[in-house]
There are 2 protein chains.
Amino acid sequence: MKIFGDEKSGNCLKVKRTADHLGLAYEWVAVDIMRGESRTPEFLTMSPAGQVPVVAWPDGRVLAQSNAIIRYLAAGTGLLPTDPFEQAKVDEWLFWEQYSHEPYVAVCRFQMLYEGRPAEERDDWRVARGESALDFLDAALSARRWLVGEAFTVADIALHAYSHLAHEGGFDLSRRRHLTAWIQRCADVFAGG
Amino acid sequence: MKIFGDEKSGNCLKVKRTADHLGLAYEWVAVDIMRGESRTPEFLTMSPAGQVPVVAWPDGRVLAQSNAIIRYLAAGTGLLPTDPFEQAKVDEWLFWEQYSHEPYVAVCRFQMLYEGRPAEERDDWRVARGESALDFLDAALSARRWLVGEAFTVADIALHAYSHLAHEGGFDLSRRRHLTAWIQRCADVFAGG
C-alpha cells in the first residue's frame, strides 16, 4: 500500500506508527500540504477531501481520515480489542481526539510551526480548549496504564500523536505527570520495548 | 438502556434515530445543556467529558460520542456493512462529519438557535467552511444514493443529522439538489418508507 502523508503531521504519524508497529509493508509518498500538494487535480481525483493522510491499495481502494485508517489497519490485531464494547470505547477516544483535542492542540501547533506565529498570537479560545483537553487526558490516565482496557491500542496511538508534540503548540506538559508518563510508555512501545 | 440527550441536538438525534430504526428499547433522559445539566457532578461521574449524547446500560457500561454510539448500536445490523473495508468507509464519513462538517454547520446553528445570534453575526470562517462541507457532501451524493455502498447506513444517519438542520444555521440548501434529494431519501427511511 501507499501512504500519502506529511511527516510533520501528527495525523500522518498515526498511520506510519500503526503500519510500523504491525510490520506492514508500505511506500511513503511525501505530500507537502503547505505547497498545495494535497489539492492538486490528481490528488483530489484520488481523495476528494484533499487532506492527508490517505492510504491507497494496488486494487484501487482508497481510504482517508487518519483514525478511520488506523482502526482499519488495526482490525484483527492486538491494536484493537476483540470485544465489541471495548472497540466502541476505542472509537469514543478516536472521536474525542478529532473533536475535542486535535482542533485545539494540533491547530495551535500548526499556527506556530507551519505559519510561524509566536505562542502569544495563538487564538485564546483554542489555547483554553487545548489546555482543557490535555487536562482531561491527564486525569483519564491517572488511574490507567492505557486508554482502553489493559493493552496498548490505536486509541493510544491516536492520542499520543499530537499530545507528544503539544509543546510545539505552546503547551506545557510538565505539570501533567500522568500524561507525560503515558507518553513515555507509548514511546517505549514504538521503540520496541 | 438510557439515552441522555438534548432533543434539539443533532448529535443526540443520531442516537435516537439509530435506536428507533433498529427498534431498540430505551429510556430518553432529557439533559438541558444550556442549563449546565451535562456538567453536574452526577453527570460528570457517569461521563467525565460532560457532553451529550451518552448511553448507559443497566450493567454500568457507559458510552459517549455520538458516532461511537451509533456505530456500536449498528454493529451486526443492516446499518453497518459487513465488509471491513466498507465499514472503514463508514468510519471515514463519521470522522469527516465530526472534523469537517459539525464544527461549522452545527456550531453556526448553535450560535443562532441557542445563543440567539443573527445570521450575519456568525463567524465568517465557520460559515465558509460550513458552505464547503455542504458543497462537498452535495458533490459526493451526485453519483450515489447512499454515502457508502448500496444501502442506508449510520454514515447517512450521522451526516443527515446536522445537514437537514443546516437552514437553522443560516445555510441555504436549495441550490444543492443532490444533497436535498438525499435528505428526503433519509427522511423517507426514518418515516418507515
# chains A, B, ... in the order shown; residues from 1 in each chain; ligands from 1
$ closest_atom_pairs --of "chain A" --to "chain B" --cutoff "6 Å" --atoms "only C-alpha atoms" --output "CSV"
residue,atom,partner,partner_atom,distance
A:Gln65,CA,B:Glu92,CA,5.6
A:Ala68,CA,B:Asp91,CA,5.3
A:Tyr72,CA,B:Ala88,CA,5.9
A:Ala88,CA,B:Ala68,CA,5.9
A:Asp91,CA,B:Ala68,CA,5.3
A:Glu92,CA,B:Ala68,CA,5.3
$ select_by_dssp --residues "range 110-164 of chain B" --states "alpha helix (DSSP H)" --output "JSON, numbers by chain"
{"B": [110, 111, 112, 113, 124, 125, 126, 127, 128, 129, 130, 131, 132, 133, 134, 135, 136, 137, 138, 139, 140, 154, 155, 156, 157, 158, 159, 160, 161, 162, 163]}
$ write_last_selection --atoms "N, CA, C and O atoms" --output "CSV table (one decimal), in the first residue's frame"
chain,number,residue,atom,x,y,z
B,110,PHE,N,-25.8,26.4,16.4
B,110,PHE,CA,-25.8,26.6,17.8
B,110,PHE,C,-25.8,28.1,18.1
B,110,PHE,O,-26.5,28.6,19.0
B,111,GLN,N,-25.0,28.8,17.4
B,111,GLN,CA,-24.9,30.3,17.6
B,111,GLN,C,-26.2,31.0,17.4
B,111,GLN,O,-26.5,31.9,18.1
B,112,MET,N,-26.9,30.5,16.3
B,112,MET,CA,-28.2,31.2,16.0
B,112,MET,C,-29.3,30.7,16.9
B,112,MET,O,-30.0,31.5,17.5
B,113,LEU,N,-29.4,29.4,17.1
B,113,LEU,CA,-30.5,28.8,17.8
B,113,LEU,C,-30.5,28.8,19.3
B,113,LEU,O,-31.4,29.1,20.0
B,124,ASP,N,-17.3,34.3,10.3
B,124,ASP,CA,-17.2,34.2,8.8
B,124,ASP,C,-16.4,32.9,8.4
B,124,ASP,O,-16.8,32.3,7.5
B,125,TRP,N,-15.4,32.6,9.1
B,125,TRP,CA,-14.6,31.4,8.8
B,125,TRP,C,-15.4,30.1,9.0
B,125,TRP,O,-15.2,29.2,8.2
B,126,ARG,N,-16.3,30.1,10.0
B,126,ARG,CA,-17.1,28.9,10.2
B,126,ARG,C,-18.1,28.8,9.1
B,126,ARG,O,-18.4,27.7,8.6
B,127,VAL,N,-18.7,29.9,8.7
B,127,VAL,CA,-19.7,29.9,7.6
B,127,VAL,C,-19.0,29.4,6.3
B,127,VAL,O,-19.6,28.5,5.6
B,128,ALA,N,-17.8,29.9,6.0
B,128,ALA,CA,-17.1,29.5,4.8
B,128,ALA,C,-16.9,28.0,4.8
B,128,ALA,O,-17.1,27.3,3.8
B,129,ARG,N,-16.4,27.5,5.9
B,129,ARG,CA,-16.1,26.0,6.0
B,129,ARG,C,-17.4,25.2,6.0
B,129,ARG,O,-17.4,24.1,5.4
B,130,GLY,N,-18.5,25.7,6.6
B,130,GLY,CA,-19.7,25.0,6.5
B,130,GLY,C,-20.3,24.9,5.1
B,130,GLY,O,-20.7,23.9,4.6
B,131,GLU,N,-20.2,26.1,4.3
B,131,GLU,CA,-20.6,26.0,2.9
B,131,GLU,C,-19.8,25.0,2.2
B,131,GLU,O,-20.3,24.2,1.3
B,132,SER,N,-18.5,25.0,2.4
B,132,SER,CA,-17.6,24.0,1.7
B,132,SER,C,-18.0,22.6,2.1
B,132,SER,O,-18.0,21.7,1.2
B,133,ALA,N,-18.3,22.3,3.3
B,133,ALA,CA,-18.7,21.0,3.7
B,133,ALA,C,-20.0,20.6,3.0
B,133,ALA,O,-20.1,19.4,2.6
B,134,LEU,N,-20.9,21.5,3.0
B,134,LEU,CA,-22.2,21.1,2.3
B,134,LEU,C,-22.0,20.9,0.8
B,134,LEU,O,-22.6,20.0,0.2
B,135,ASP,N,-21.1,21.7,0.2
B,135,ASP,CA,-20.8,21.5,-1.2
B,135,ASP,C,-20.1,20.1,-1.4
B,135,ASP,O,-20.4,19.5,-2.4
B,136,PHE,N,-19.3,19.8,-0.5
B,136,PHE,CA,-18.6,18.5,-0.6
B,136,PHE,C,-19.5,17.4,-0.6
B,136,PHE,O,-19.5,16.4,-1.4
B,137,LEU,N,-20.5,17.5,0.4
B,137,LEU,CA,-21.5,16.4,0.5
B,137,LEU,C,-22.4,16.4,-0.7
B,137,LEU,O,-22.7,15.3,-1.2
B,138,ASP,N,-22.8,17.5,-1.2
B,138,ASP,CA,-23.6,17.6,-2.4
B,138,ASP,C,-22.9,16.9,-3.6
B,138,ASP,O,-23.5,16.1,-4.3
B,139,ALA,N,-21.6,17.2,-3.7
B,139,ALA,CA,-20.9,16.6,-4.8
B,139,ALA,C,-20.7,15.0,-4.6
B,139,ALA,O,-20.9,14.3,-5.6
B,140,ALA,N,-20.5,14.6,-3.4
B,140,ALA,CA,-20.4,13.2,-3.1
B,140,ALA,C,-21.7,12.5,-3.4
B,140,ALA,O,-21.7,11.3,-3.9
B,154,VAL,N,-25.3,4.0,9.0
B,154,VAL,CA,-25.1,5.0,10.1
B,154,VAL,C,-24.3,6.2,9.5
B,154,VAL,O,-24.4,7.3,10.1
B,155,ALA,N,-23.6,6.1,8.4
B,155,ALA,CA,-22.9,7.2,7.8
B,155,ALA,C,-24.0,8.2,7.3
B,155,ALA,O,-23.9,9.4,7.5
B,156,ASP,N,-25.1,7.7,6.8
B,156,ASP,CA,-26.2,8.6,6.3
B,156,ASP,C,-26.9,9.2,7.6
B,156,ASP,O,-27.2,10.4,7.6
B,157,ILE,N,-27.1,8.4,8.6
B,157,ILE,CA,-27.7,9.0,9.8
B,157,ILE,C,-26.9,10.1,10.4
B,157,ILE,O,-27.4,11.1,10.7
B,158,ALA,N,-25.5,9.9,10.4
B,158,ALA,CA,-24.6,10.9,11.0
B,158,ALA,C,-24.6,12.2,10.2
B,158,ALA,O,-24.7,13.3,10.8
B,159,LEU,N,-24.5,12.0,8.9
B,159,LEU,CA,-24.4,13.2,8.1
B,159,LEU,C,-25.7,13.9,7.9
B,159,LEU,O,-25.8,15.2,7.7
B,160,HIS,N,-26.8,13.1,8.0
B,160,HIS,CA,-28.2,13.8,7.8
B,160,HIS,C,-28.4,14.7,9.0
B,160,HIS,O,-29.1,15.7,8.9
B,161,ALA,N,-27.9,14.3,10.2
B,161,ALA,CA,-28.4,15.0,11.4
B,161,ALA,C,-28.3,16.5,11.3
B,161,ALA,O,-29.3,17.2,11.5
B,162,TYR,N,-27.1,17.0,11.1
B,162,TYR,CA,-27.0,18.5,11.0
B,162,TYR,C,-27.2,19.0,9.6
B,162,TYR,O,-27.5,20.2,9.5
B,163,SER,N,-27.1,18.2,8.6
B,163,SER,CA,-27.4,18.7,7.2
B,163,SER,C,-28.8,19.1,7.1
B,163,SER,O,-29.1,20.1,6.5
$ select_by_dssp --residues "range 14-97 of chain A" --states "strand (DSSP E)" --output "short mmCIF file (atom, residue, chain, number, x, y, z; two decimals) with N, CA and C atoms, in the first residue's frame"
data_model
loop_
_atom_site.label_atom_id
_atom_site.label_comp_id
_atom_site.auth_asym_id
_atom_site.auth_seq_id
_atom_site.Cartn_x
_atom_site.Cartn_y
_atom_site.Cartn_z
N GLU A 27 4.75 2.02 0.93
CA GLU A 27 5.56 3.07 0.33
C GLU A 27 5.06 4.40 0.86
N TRP A 28 5.94 5.20 1.42
CA TRP A 28 5.55 6.52 1.94
C TRP A 28 5.68 7.53 0.80
N VAL A 29 4.59 8.20 0.48
CA VAL A 29 4.62 9.22 -0.57
C VAL A 29 4.48 10.59 0.11
N ALA A 30 5.57 11.34 0.10
CA ALA A 30 5.58 12.63 0.80
C ALA A 30 4.69 13.63 0.07
N VAL A 54 -3.72 9.74 3.46
CA VAL A 54 -4.57 8.89 2.63
C VAL A 54 -3.79 7.61 2.37
N VAL A 55 -4.48 6.49 2.39
CA VAL A 55 -3.84 5.22 2.04
C VAL A 55 -4.50 4.70 0.77
N ALA A 56 -3.67 4.25 -0.18
CA ALA A 56 -4.18 3.69 -1.44
C ALA A 56 -3.59 2.30 -1.62
N VAL A 62 -9.14 3.31 -1.74
CA VAL A 62 -8.51 4.50 -1.15
C VAL A 62 -9.25 4.80 0.15
N LEU A 63 -8.50 5.13 1.19
CA LEU A 63 -9.12 5.46 2.48
C LEU A 63 -8.46 6.70 3.07
N ALA A 64 -9.29 7.65 3.47
CA ALA A 64 -8.81 8.88 4.11
C ALA A 64 -9.24 8.87 5.57
#
$ atom_distance --atom1 "CA of Ala181 in chain A" --atom2 "CA of Glu42 in chain B"
29.1 Å
$ atom_distance --atom1 "CA of Ser142 in chain B" --atom2 "CA of Thr77 in chain B"
26.5 Å
$ atom_distance --atom1 "CA of Phe190 in chain A" --atom2 "CA of Val107 in chain A"
24.4 Å
$ closest_residue --among "A:Asp188, A:Ala74, A:Gln51, A:Pro81" --to "Leu24 in chain A" --atoms "only C-alpha atoms"
A:Ala74
$ decode --residues "range 165-182 of chain B" --atoms "C-alpha atoms" --output "mmCIF file, in the first residue's frame"
data_model
loop_
_atom_site.group_PDB
_atom_site.id
_atom_site.type_symbol
_atom_site.label_atom_id
_atom_site.label_comp_id
_atom_site.auth_asym_id
_atom_site.auth_seq_id
_atom_site.Cartn_x
_atom_site.Cartn_y
_atom_site.Cartn_z
ATOM 1 C CA LEU B 165 -30.958 21.315 10.123
ATOM 2 C CA ALA B 166 -28.434 23.466 8.223
ATOM 3 C CA HIS B 167 -31.049 26.125 7.451
ATOM 4 C CA GLU B 168 -31.294 26.769 11.191
ATOM 5 C CA GLY B 169 -27.603 27.725 10.986
ATOM 6 C CA GLY B 170 -28.224 30.135 8.144
ATOM 7 C CA PHE B 171 -27.211 27.814 5.290
ATOM 8 C CA ASP B 172 -29.252 27.642 2.096
ATOM 9 C CA LEU B 173 -29.559 24.108 0.748
ATOM 10 C CA SER B 174 -31.901 24.908 -2.139
ATOM 11 C CA ARG B 175 -29.181 25.019 -4.805
ATOM 12 C CA ARG B 176 -27.708 21.718 -3.586
ATOM 13 C CA ARG B 177 -30.092 19.353 -5.267
ATOM 14 C CA HIS B 178 -28.207 16.096 -4.706
ATOM 15 C CA LEU B 179 -27.974 16.878 -1.008
ATOM 16 C CA THR B 180 -31.636 17.855 -0.688
ATOM 17 C CA ALA B 181 -32.762 14.743 -2.603
ATOM 18 C CA TRP B 182 -30.708 12.552 -0.240
#
